[in-house]
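The structure under discussion appears below in the form of structure tokens.
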Amino acid sequence: MPRRRTVSVLAYDGMSAFETGIATEVFGLAWPDIGVEWYDLVICAEHRGPVPMLGGATLRTPHGLDEFAAADTVLVPSVADVAADPSPGVVAALRRAHRRGARIVSICTGAFALAAAGLLDGRRATTHWRYADGLRRRYPRVEVDPNPLYVEDGGVFTSAGCAAGLDLCLHLVREDLGATVANSVARRMVVPPHRDGGQAQYIETPVARDPEDDRVADSMRWAAGHLTERITVAKLAARARMSPRSYLRHFTRATGTSPIRWLVMQRVQASLPLLETTDSSIEQVAHAVGFDTAVNFRHHFTRAMRTSPSAYRRTFEHRRT
């Protein structure tokens, strides 16, 4: 990390402690055993005095909107009322932060505040699936996509419901410090190390409820440990003792994505620590994670990461120096 990053989080009347806690846990806790310089977190409020939270608790902070707008990453948790406009002060602070190049982030319905400030105009964005239609109606210049867990467009990041905010925060750590560090944080938090932003946020049956879903989960665990092998849907279905057609149906219902897309993302994610920490050639990395050719690896890596494997490696070579 070339410089120490600051992260500011907006506190507001009627806020939920959970989403603030997500940012505090990821960006505010010190991780001395990870061995990298960590973030500076500030929680900011528009006015001095206690900030009432859900459940009757109150929060006090000495930091105001000037500190909020001055951070490297500016984060807005869910707004208390999607039908209410944010205050002119909050809108002005968001616009100031954006003008100076800060990374702008929202969790859940925090996207409404970003939209009110005009920061989502002409951009793709997401929010909790229950409020996506409301965001689209109220701010027609926003390209609302109700499906993904999180979206980035032009340095503005939006996420779906509360838990997706954790996925997004870990994604930001991954962007700043790499997959190895982000995975270490996820392990300490006892959460999955990576959920692709494009994964569906609403799945009819997200928790295994029958033996078929358990068999799908077993096949996924097997695949994750055998990425270098040639893995097809037919092979996964056989591992799960299902027909390919039945396997596809159960896999999509359980994960919100297809087996092949999931497998590609597992291989791309497995390549990140190798690119960050080894001098192996791109061809060697490609084969080490199961891609048949370097060309195929570069194609899928660039689609998933929006940069090439070589450019990704150069970024983290610079950060290690």
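Ligands are numbered from 1 in the order shown, chains are lettered A, B, ... in the order of the structure tokens, and residues start at 1 in each chain.
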A:Val191 environment, 10 Å, only C-alpha atoms, sequence neighbours closer than 5 positions dropped, as a PyMOL selection string: chain A and resi 166-167+183+185-186
Please report as a tab-separated table every residue of stretch 84-189 of chain A lying within 9 Å of stretch 62-77 of chain A, along with the nearest atom pair and their distance in Å (one decimal), using only C-alpha atoms.
```
residue	atom	partner	partner_atom	distance
A:Gly89	CA	A:Leu65	CA	7.6
A:Val90	CA	A:Leu65	CA	7.2
A:Ala92	CA	A:Ala69	CA	8.8
A:Ala93	CA	A:Ala69	CA	5.1
A:Leu94	CA	A:Ala69	CA	6.3
A:Arg95	CA	A:Ala69	CA	8.2
A:Arg96	CA	A:Ala69	CA	6.2
A:Ala97	CA	A:Ala69	CA	4.6
A:His98	CA	A:Ala69	CA	8.3
A:Arg100	CA	A:Ala70	CA	8.5
A:Gly101	CA	A:Asp72	CA	8.0
A:Ala102	CA	A:Asp72	CA	4.9
A:Arg103	CA	A:Thr73	CA	4.6
A:Ile104	CA	A:Val74	CA	5.0
A:Val105	CA	A:Leu75	CA	4.6
A:Ser106	CA	A:Val76	CA	4.7
A:Ile107	CA	A:Pro77	CA	4.8
A:Cys108	CA	A:Pro77	CA	6.8
A:Thr109	CA	A:Pro77	CA	7.2
A:Gly110	CA	A:Pro77	CA	5.0
A:Ala111	CA	A:Val76	CA	7.8
A:Ala113	CA	A:Val76	CA	7.6
A:Leu114	CA	A:Val76	CA	8.1
A:Cys162	CA	A:Pro77	CA	8.6
A:Gly165	CA	A:Pro77	CA	8.6
```
Helix (DSSP H, G or I) positions in stretch 64-228 of chain A, given as a PyMOL selection string: chain A and resi 65-70+88-99+108-116+129-138+162-177+179-189+211-224
DSSP-assigned strand (DSSP E or B) members of stretch 103-262 of chain A, reported as a list in words: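 Of stretch 103-262 of chain A, only Arg103, Ile104, Val105, Ser106, Arg124, Ala125, Glu143, Val144, Pro148, Tyr150, Val151, Glu152, Asp153, Val156, Phe157, Thr158, Ser159 and Ala200 of chain A fall in strand (DSSP E or B).
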Kindly export the residues of the current selection with C-alpha atoms, as a short mmCIF file (atom, residue, chain, number, x, y, z; two decimals), in the first residue's frame.
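Output below, filename again_3.cif:
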```
data_model
loop_
_atom_site.label_atom_id
_atom_site.label_comp_id
_atom_site.auth_asym_id
_atom_site.auth_seq_id
_atom_site.Cartn_x
_atom_site.Cartn_y
_atom_site.Cartn_z
CA ARG A 103 -13.56 6.04 -3.64
CA ILE A 104 -17.31 6.26 -2.96
CA VAL A 105 -19.04 3.24 -1.41
CA SER A 106 -22.58 2.45 -0.32
CA ARG A 124 -24.64 1.05 -13.17
CA ALA A 125 -25.51 0.49 -9.52
CA GLU A 143 -28.79 2.14 -14.41
CA VAL A 144 -30.16 -0.01 -11.60
CA PRO A 148 -25.49 -8.58 -8.27
CA TYR A 150 -22.01 -5.46 -5.59
CA VAL A 151 -21.15 -3.25 -8.55
CA GLU A 152 -18.32 -0.86 -9.40
CA ASP A 153 -18.66 1.83 -12.03
CA VAL A 156 -18.32 4.34 -7.26
CA PHE A 157 -19.20 1.07 -5.49
CA THR A 158 -22.69 -0.02 -4.49
CA SER A 159 -23.75 -3.23 -2.76
CA ALA A 200 -27.05 -13.27 -7.57
#
```
